[in-house]
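Remarks on the structure that follows.
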Amino acid sequence: MQNDFPVWLRIEHWLNVLFVTLLIRSGIEILAAHPKLYWRDHSRPGTEWARFTRKTMPKDKLYDTLDEEESYSAIVSLPGHRKLGMGRHWHFFTVMGWLLLGISYWVLLFATGQWRRYLPTSWDILPEAWRDIVTYTEFRLPPMIPGEPFDALQKLSYAAVIFLLAPFQILTGLVQVPAIEARFPWFVRMFGGRQAAR
């Protein structure tokens, strides 16, 4: 198998970097509106498992989520500075672009046979990947799989991202859509609720 990557794959790779960067930045803007993560949908104060704010809310008076909102810099979040509505628009349109790119990537992967580079076809790759981990911990580079541009650990990592993580991101993203929750509540429950999926 030739080690050169086709032009379409290189272009899609860099477009993916662009879309993922925009998704992360607009996601940070959405998170800034309520900078806490919960496992349960009730989201009671003090039950969060992660906080992205130093603000402490008063216990002796009422407050709402606007009091908790953070104003992240536009360098970090998109568009930044408490613009939740615009952040959601950026996130939605970027997701549409990322999905279209992903669909074309998958179609081209299988149409051109490039999937063989990324999808392991034998369980023998697992002990090889473990040896690669050990080699990396010794600050050395492991050998490439014969005839391929990756070592075993890299191949497993690419397979996990392309065939497991990306579809999982899409599914958990769908859980955040109120219309999906209204029409398919079982789908949202399958992920433990919107907050757990978030």
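Just remember, in the structure tokens the first chain shown is A, the second B, etc., residues are 1-based per chain, and ligands are 1-based in the order shown.
Residues with any atom within 10 Å of A:Ile28, counting only C-alpha atoms and excluding same-chain neighbours fewer than 3 positions away, are A:Leu22, A:Leu23, A:Ile24, A:Arg25, A:Leu31, A:Ala32, A:Ala33, A:Pro35, A:Phe52, A:Tyr72, A:Val76, A:Ser77, A:Leu78, A:Pro79, A:Gly80, A:Leu84, A:Gly87, A:His91.
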Can you write just those residues out, C-alpha atoms, as a CSV table (one decimal), in the first residue's frame?
```csv
chain,number,residue,atom,x,y,z
A,22,LEU,CA,-15.0,26.4,15.5
A,23,LEU,CA,-17.0,23.8,17.4
A,24,ILE,CA,-14.8,23.9,20.5
A,25,ARG,CA,-14.8,27.8,20.5
A,31,LEU,CA,-20.7,26.7,28.3
A,32,ALA,CA,-20.0,30.3,29.4
A,33,ALA,CA,-23.8,30.9,29.8
A,35,PRO,CA,-20.2,27.3,33.3
A,52,PHE,CA,-15.5,26.6,34.9
A,72,TYR,CA,-14.9,34.7,28.1
A,76,VAL,CA,-11.1,31.7,23.5
A,77,SER,CA,-14.8,31.5,22.8
A,78,LEU,CA,-16.8,32.3,19.7
A,79,PRO,CA,-17.9,35.1,19.5
A,80,GLY,CA,-17.1,35.8,23.1
A,84,LEU,CA,-25.0,33.0,23.9
A,87,GLY,CA,-22.5,31.2,20.0
A,91,HIS,CA,-22.2,26.0,16.9
```
(request) Name the residues of stretch 20-139 of chain A that come out as strand (DSSP E or B) in a backbone DSSP run; write them as a PyMOL selection string. (result) chain A and resi 36-37+50-51
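Restricting the calculation to only C-alpha atoms, the smallest distance between A:Glu148 and any of A:Phe93, A:Trp14, A:Trp8, A:Tyr118 is found for A:Tyr118.
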(message) Env of A:Thr94: 10 Å cut, atoms = only C-alpha atoms, seq-sep filter 6 positions within chain, self excluded. Answer as a list of chain:residue names.
(response) A:Leu18, A:Phe19, A:Val20, A:Thr21, A:Leu22, A:Leu23, A:Ser26, A:Arg88, A:Leu100
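For the choices A:Tyr38, A:Leu9, A:Gly85, A:Arg117, the atom-to-atom distance to A:Gly147 is smallest for A:Arg117 when using only C-alpha atoms.
For A:Asp151, the non-local neighbours within 8 Å, defined as residues at least 6 positions apart in the same chain or in other chains and counting only C-alpha atoms, are Ala129, Asp132, Pro142, Pro143, Met144 and Ile145 of chain A.
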(message) as a ChimeraX atom specification, please: every residue in chain A that a backbone DSSP assignment puts in helix (DSSP H, G or I).
(response) /A:7-33,65-68,84-112,115-118,125-137,152-175,178-183,185-190,194-197
Using C-alpha atoms, can you write the selected residues to a file as a short mmCIF file (atom, residue, chain, number, x, y, z; two decimals), in the first residue's frame?
```
data_model
loop_
_atom_site.label_atom_id
_atom_site.label_comp_id
_atom_site.auth_asym_id
_atom_site.auth_seq_id
_atom_site.Cartn_x
_atom_site.Cartn_y
_atom_site.Cartn_z
CA VAL A 7 -5.19 15.24 -1.99
CA TRP A 8 -8.86 14.94 -1.01
CA LEU A 9 -7.88 13.36 2.31
CA ARG A 10 -5.37 16.12 3.08
CA ILE A 11 -7.92 18.83 2.26
CA GLU A 12 -10.60 17.16 4.39
CA HIS A 13 -8.12 16.76 7.24
CA TRP A 14 -7.45 20.51 7.37
CA LEU A 15 -11.13 21.39 6.93
CA ASN A 16 -11.83 19.08 9.87
CA VAL A 17 -9.28 20.99 11.96
CA LEU A 18 -11.11 24.22 11.07
CA PHE A 19 -14.57 22.85 11.93
CA VAL A 20 -13.46 21.20 15.18
CA THR A 21 -11.76 24.45 16.24
CA LEU A 22 -14.95 26.41 15.54
CA LEU A 23 -17.03 23.79 17.38
CA ILE A 24 -14.80 23.95 20.45
CA ARG A 25 -14.76 27.75 20.52
CA SER A 26 -18.54 28.12 20.03
CA GLY A 27 -19.06 25.32 22.57
CA ILE A 28 -17.03 27.32 25.09
CA GLU A 29 -19.32 30.31 24.45
CA ILE A 30 -22.37 28.11 25.13
CA LEU A 31 -20.74 26.74 28.27
CA ALA A 32 -20.01 30.30 29.43
CA ALA A 33 -23.77 30.89 29.83
CA THR A 65 -28.16 31.72 35.70
CA LEU A 66 -27.43 35.16 34.24
CA ASP A 67 -25.62 35.95 37.50
CA GLU A 68 -23.40 32.92 36.90
CA LEU A 84 -24.97 32.98 23.90
CA GLY A 85 -27.36 33.36 20.95
CA MET A 86 -24.54 34.02 18.49
CA GLY A 87 -22.52 31.19 20.03
CA ARG A 88 -25.40 28.81 19.42
CA HIS A 89 -25.72 30.00 15.80
CA TRP A 90 -21.99 29.45 15.23
CA HIS A 91 -22.22 26.03 16.86
CA PHE A 92 -25.26 24.94 14.81
CA PHE A 93 -23.88 26.06 11.43
CA THR A 94 -20.45 24.63 12.19
CA VAL A 95 -22.03 21.29 13.12
CA MET A 96 -23.81 21.23 9.76
CA GLY A 97 -20.52 21.84 7.93
CA TRP A 98 -18.70 19.26 10.06
CA LEU A 99 -21.41 16.65 9.39
CA LEU A 100 -21.33 17.23 5.62
CA LEU A 101 -17.55 17.01 5.67
CA GLY A 102 -17.73 13.81 7.73
CA ILE A 103 -20.23 12.20 5.38
CA SER A 104 -18.07 12.99 2.34
CA TYR A 105 -14.99 11.72 4.26
CA TRP A 106 -16.67 8.40 5.05
CA VAL A 107 -17.96 7.97 1.50
CA LEU A 108 -14.53 8.69 0.02
CA LEU A 109 -12.78 6.47 2.59
CA PHE A 110 -14.81 3.46 1.51
CA ALA A 111 -15.05 4.38 -2.19
CA THR A 112 -11.26 4.69 -2.54
CA TRP A 115 -10.45 2.75 5.06
CA ARG A 116 -7.87 -0.07 5.16
CA ARG A 117 -5.33 2.41 6.52
CA TYR A 118 -7.51 3.19 9.51
CA ILE A 125 -2.88 -5.16 16.49
CA LEU A 126 -3.66 -5.02 20.24
CA PRO A 127 -0.39 -6.55 21.51
CA GLU A 128 1.48 -4.54 18.88
CA ALA A 129 -0.17 -1.35 20.14
CA TRP A 130 0.81 -2.22 23.71
CA ARG A 131 4.44 -2.65 22.57
CA ASP A 132 4.17 0.74 20.86
CA ILE A 133 2.98 2.35 24.11
CA VAL A 134 5.97 0.86 25.93
CA THR A 135 8.28 2.08 23.17
CA TYR A 136 6.85 5.62 23.41
CA THR A 137 7.35 5.64 27.19
CA ALA A 152 -0.20 0.00 15.53
CA LEU A 153 -1.07 2.54 18.24
CA GLN A 154 -1.62 5.28 15.67
CA LYS A 155 -3.85 3.00 13.60
CA LEU A 156 -5.95 2.11 16.65
CA SER A 157 -6.19 5.79 17.61
CA TYR A 158 -7.33 6.84 14.14
CA ALA A 159 -9.87 3.99 14.06
CA ALA A 160 -11.22 5.03 17.46
CA VAL A 161 -11.59 8.68 16.43
CA ILE A 162 -13.10 8.03 12.98
CA PHE A 163 -15.36 5.06 13.73
CA LEU A 164 -16.20 5.48 17.45
CA LEU A 165 -15.61 8.99 18.80
CA ALA A 166 -17.03 10.98 15.87
CA PRO A 167 -20.31 8.97 15.73
CA PHE A 168 -20.54 9.21 19.54
CA GLN A 169 -20.15 13.00 19.32
CA ILE A 170 -22.97 13.14 16.79
CA LEU A 171 -25.28 11.02 18.93
CA THR A 172 -24.61 12.95 22.15
CA GLY A 173 -25.02 16.20 20.22
CA LEU A 174 -28.46 15.07 19.07
CA VAL A 175 -29.41 14.53 22.72
CA PRO A 178 -35.05 19.80 22.57
CA ALA A 179 -37.07 18.51 19.58
CA ILE A 180 -35.26 15.16 19.76
CA GLU A 181 -36.00 14.91 23.47
CA ALA A 182 -39.68 15.73 22.87
CA ARG A 183 -40.09 13.22 20.03
CA PRO A 185 -37.42 10.60 24.98
CA TRP A 186 -36.07 7.03 25.05
CA PHE A 187 -33.07 8.20 23.00
CA VAL A 188 -32.22 10.87 25.56
CA ARG A 189 -32.71 8.41 28.46
CA MET A 190 -30.32 6.00 26.72
CA ARG A 194 -29.18 15.73 28.44
CA GLN A 195 -26.75 16.77 31.17
CA ALA A 196 -24.96 13.40 31.25
CA ALA A 197 -24.67 13.45 27.44
#
```
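Separating atom CA of A:His34 from atom CA of A:Ser71 is a distance of 10.7 Å.
Residue nearest A:His81 within the list A:Glu69, A:Asp41, A:Glu138, A:Asp60: A:Glu69 [criterion: smallest interatomic distance, only C-alpha atoms].
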